[in-house]
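Heads up, final_38.pdb below (PDB, C-alpha atoms):
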ATOM      1  CA  MET A1145      25.078 -16.426  22.265
ATOM      2  CA  ASP A1146      26.130 -18.942  19.652
ATOM      3  CA  GLY A1147      27.003 -17.988  16.116
ATOM      4  CA  ASP A1148      26.776 -14.678  14.362
ATOM      5  CA  PRO A1149      24.548 -12.121  16.159
ATOM      6  CA  THR A1150      23.325 -10.689  12.850
ATOM      7  CA  GLU A1151      21.604 -13.985  12.018
ATOM      8  CA  THR A1152      19.130 -13.597  14.879
ATOM      9  CA  LEU A1153      18.585  -9.852  14.481
ATOM     10  CA  ALA A1154      15.977 -10.268  11.743
ATOM     11  CA  ASP A1155      14.036 -12.720  13.927
ATOM     12  CA  ARG A1156      13.494 -10.028  16.552
ATOM     13  CA  LEU A1157      11.950  -7.432  14.253
ATOM     14  CA  ASN A1158       8.181  -7.008  14.488
ATOM     15  CA  TYR A1159       7.960  -4.556  11.605
ATOM     16  CA  GLU A1160      10.028  -3.395   8.674
ATOM     17  CA  PRO A1161      12.935  -1.138   9.585
ATOM     18  CA  VAL A1162      13.083   2.387   8.230
ATOM     19  CA  ILE A1163      15.453   2.586   5.241
ATOM     20  CA  PHE A1164      15.329   6.107   3.782
ATOM     21  CA  ARG A1165      13.741   9.321   5.101
ATOM     22  CA  GLY A1166      11.208   7.500   7.286
ATOM     23  CA  SER A1167      10.136   5.009   4.622
ATOM     24  CA  THR A1168      10.457   1.238   4.700
ATOM     25  CA  SER A1169      11.642  -0.797   1.729
ATOM     26  CA  THR A1170       8.052  -1.711   0.778
ATOM     27  CA  GLU A1171       7.025   1.951   0.785
ATOM     28  CA  LEU A1172      10.082   2.938  -1.229
ATOM     29  CA  LEU A1173       9.230   0.246  -3.771
ATOM     30  CA  MET A1174       5.682   1.641  -4.043
ATOM     31  CA  ILE A1175       7.019   5.181  -4.550
ATOM     32  CA  LEU A1176       9.638   4.001  -7.053
ATOM     33  CA  SER A1177       7.075   2.018  -9.068
ATOM     34  CA  ALA A1178       4.672   4.949  -9.275
ATOM     35  CA  ALA A1179       7.495   7.356 -10.143
ATOM     36  CA  ALA A1180       8.865   5.114 -12.894
ATOM     37  CA  ALA A1181       5.377   4.547 -14.317
ATOM     38  CA  PHE A1182       4.961   8.313 -14.671
ATOM     39  CA  TRP A1183       8.460   9.634 -15.440
ATOM     40  CA  LEU A1184       9.658   7.087 -18.009
ATOM     41  CA  PRO A1185       6.861   7.753 -20.528
ATOM     42  CA  PHE A1186       6.986  11.480 -19.757
ATOM     43  CA  GLY A1187      10.756  11.591 -20.263
ATOM     44  CA  PHE A1188      10.647   9.745 -23.566
ATOM     45  CA  LEU A1189       7.728  11.850 -24.782
ATOM     46  CA  THR A1190       9.716  14.977 -23.945
ATOM     47  CA  ALA A1191      12.760  13.582 -25.748
ATOM     48  CA  TRP A1192      10.665  12.751 -28.809
ATOM     49  CA  LEU A1193       9.197  16.274 -28.890
ATOM     50  CA  PHE A1194      12.636  17.915 -28.735
ATOM     51  CA  GLY A1195      14.378  15.300 -30.912
ATOM     52  CA  VAL A1196      17.074  14.478 -28.347
ATOM     53  CA  PRO A1197      16.802  10.811 -27.245
ATOM     54  CA  SER A1198      19.343  11.019 -24.424
ATOM     55  CA  MET A1199      17.388  13.852 -22.831
ATOM     56  CA  GLY A1200      14.507  11.457 -22.135
ATOM     57  CA  VAL A1201      16.668   9.239 -19.969
ATOM     58  CA  GLY A1202      17.973  12.267 -18.066
ATOM     59  CA  VAL A1203      14.511  13.731 -17.495
ATOM     60  CA  ALA A1204      13.206  10.353 -16.349
ATOM     61  CA  ALA A1205      16.154   9.740 -14.000
ATOM     62  CA  ILE A1206      15.953  13.180 -12.391
ATOM     63  CA  GLY A1207      12.171  12.905 -12.089
ATOM     64  CA  VAL A1208      12.324   9.469 -10.457
ATOM     65  CA  LEU A1209      15.017  10.563  -7.976
ATOM     66  CA  ALA A1210      13.122  13.730  -7.038
ATOM     67  CA  THR A1211       9.867  11.821  -6.666
ATOM     68  CA  VAL A1212      11.476   9.215  -4.389
ATOM     69  CA  TYR A1213      13.075  11.960  -2.267
ATOM     70  CA  TYR A1214       9.951  14.086  -1.880
ATOM     71  CA  GLY A1215       7.575  11.111  -1.937
ATOM     72  CA  SER A1216       9.277   9.571   1.079
ATOM     73  CA  THR A1217       8.792  12.890   2.878
ATOM     74  CA  GLY A1218       5.117  12.691   1.966
ATOM     75  CA  PHE A1219       4.952   9.182   3.405
ATOM     76  CA  GLN A1220       6.406  10.513   6.663
ATOM     77  CA  ILE A1221       3.537  13.001   6.877
ATOM     78  CA  ILE A1222       0.907  10.378   5.980
ATOM     79  CA  LYS A1223       2.275   7.833   8.477
ATOM     80  CA  ARG A1224       2.584  10.239  11.412
ATOM     81  CA  GLY A1225       0.331   8.986  14.217
ATOM     82  CA  ARG A1226      -0.853   5.955  12.241
ATOM     83  CA  PRO A1227      -0.184   2.256  12.993
ATOM     84  CA  ASP A1228       2.461   0.210  11.189
ATOM     85  CA  TYR A1229       1.621  -0.809   7.596
ATOM     86  CA  TYR A1230      -1.209   1.752   7.384
ATOM     87  CA  ALA A1231      -0.127   3.085   3.989
ATOM     88  CA  GLN A1232       0.295  -0.369   2.430
ATOM     89  CA  GLN A1233      -3.153  -1.466   3.609
ATOM     90  CA  TRP A1234      -4.737   1.784   2.431
ATOM     91  CA  VAL A1235      -3.236   1.336  -1.056
ATOM     92  CA  ALA A1236      -4.351  -2.322  -1.181
ATOM     93  CA  ILE A1237      -7.916  -1.325  -0.238
ATOM     94  CA  GLN A1238      -8.005   1.451  -2.849
ATOM     95  CA  LEU A1239      -6.793  -0.952  -5.549
ATOM     96  CA  GLN A1240      -9.509  -3.426  -4.547
ATOM     97  CA  ARG A1241     -12.167  -0.694  -4.683
ATOM     98  CA  LEU A1242     -11.006   0.160  -8.217
ATOM     99  CA  SER A1243     -11.139  -3.572  -9.111
ATOM    100  CA  LEU A1244      -7.435  -3.581 -10.025
ATOM    101  CA  ARG A1245      -6.254  -6.058  -7.377
ATOM    102  CA  ARG A1246      -7.794  -8.267  -4.695
ATOM    103  CA  SER A1247      -6.555  -7.489  -1.204
ATOM    104  CA  GLY A1248      -8.317 -10.074   0.954
ATOM    105  CA  PHE A1249     -10.055  -7.419   3.057
ATOM    106  CA  VAL A1250     -13.839  -7.583   3.457
ATOM    107  CA  LEU A1251     -15.105  -4.215   2.251
ATOM    108  CA  ARG A1252     -18.833  -4.972   2.136
ATOM    109  CA  THR A1253     -21.084  -2.740   4.200
ATOM    110  CA  GLY A1254     -24.635  -3.539   5.134
ATOM    111  CA  ALA A1255     -26.707  -5.732   7.378
ATOM    112  CA  TRP A1256     -25.791  -9.356   7.830
ATOM    113  CA  ASP A1257     -28.378 -12.015   8.629
ATOM    114  CA  LEU A1258     -28.756 -15.768   8.750
ATOM    115  CA  GLY A1259     -31.238 -15.887   5.897
ATOM    116  CA  ARG A1260     -34.087 -17.311   7.976
ATOM    117  CA  THR A1261     -37.623 -16.450   6.984
ATOM    118  CA  GLN A1262     -39.462 -18.095   9.904
ATOM    119  CA  ASP A1263     -39.363 -17.438  13.599
ATOM    120  CA  PRO A1264     -37.020 -20.119  15.046
ATOM    121  CA  LEU A1265     -39.338 -20.429  18.067
ATOM    122  CA  GLY A1266     -42.456 -20.721  15.921
ATOM    123  CA  SER A1267     -45.558 -22.778  16.633
ATOM    124  CA  ALA A1268     -43.963 -26.066  15.517
ATOM    125  CA  SER A1269     -41.374 -26.033  18.306
ATOM    126  CA  HIS A1270     -43.858 -25.142  21.096
ATOM    127  CA  GLY A1271     -46.322 -27.905  20.372
ATOM    128  CA  ASN A1272     -50.043 -27.261  20.884
ATOM    129  CA  ARG A1273     -51.032 -24.082  22.636
TER     130      ARG A1273
END
Rewrite the structure of this file - the entire thing - as structure tokens.
Amino acid sequence: MDGDPTETLADRLNYEPVIFRGSTSTELLMILSAAAAFWLPFGFLTAWLFGVPSMGVGVAAIGVLATVYYGSTGFQIIKRGRPDYYAQQWVAIQLQRLSLRRSGFVLRTGAWDLGRTQDPLGSASHGNR
């Protein structure tokens, strides 16, 4: 083997490695984003109600850390027995259904046809009968 063995290690991975409590970095980013979107406004609202600004940062920090810890455990339960990237695809599909983000998946259900109105083997193709 030539060179540093860690350079080729990433080329051999077929999926994201688990980083924390059964979650990959993409899943942790999803959990962290959702936690921050909830806990930061909640923490600052709580601080405003009690009149202690520093308390908002503390409430938000503790809430985000707890959500990441317990949220990654929830992802373990959701992912059990499912294929790789199931959770990311499920979230992308839900966001597309809510018209918040396009995912590239075809979600249309129904019958598909060619749009023809005549029989392709009609009287014109058989000549005179």
**Q.** Explicit residues for the PyMOL selection byres ((chain A and resi 1172-1175) around 9) (as a ChimeraX atom specification)
**A.** /A:1163-1164,1167-1171,1176-1180,1211-1212,1215-1216,1232
Q: Please indicate the distance in Å from CA of Ile1222 in chain A to CA of Arg1165 in chain A, rounded to one decimal place.
A: 12.9 Å
Q: Would you work out the distance separating CA of Thr1217 in chain A from CA of Ala1231 in chain A, expressed in Å to one decimal?
A: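 Spanning CA of Thr1217 in chain A to CA of Ala1231 in chain A is a straight-line distance of 13.3 Å.
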Q: List the residues selected by the PyMOL selection byres ((chain A and resi 1184) around 9) in the file shown, writing them as a PyMOL selection string.
A: chain A and resi 1179-1183+1185-1189+1200-1201+1203-1205+1207-1208
**Q.** CA of Tyr1213 in chain A to CA of Tyr1229 in chain A, distance in Å rounded to a single decimal
**A.** 19.8 Å
**Q.** Residues matched by the PyMOL selection byres ((chain A and resi 1247-1259) around 12) as an MDAnalysis selection string
**A.** chainID A and resid 1232:1246 1260:1264
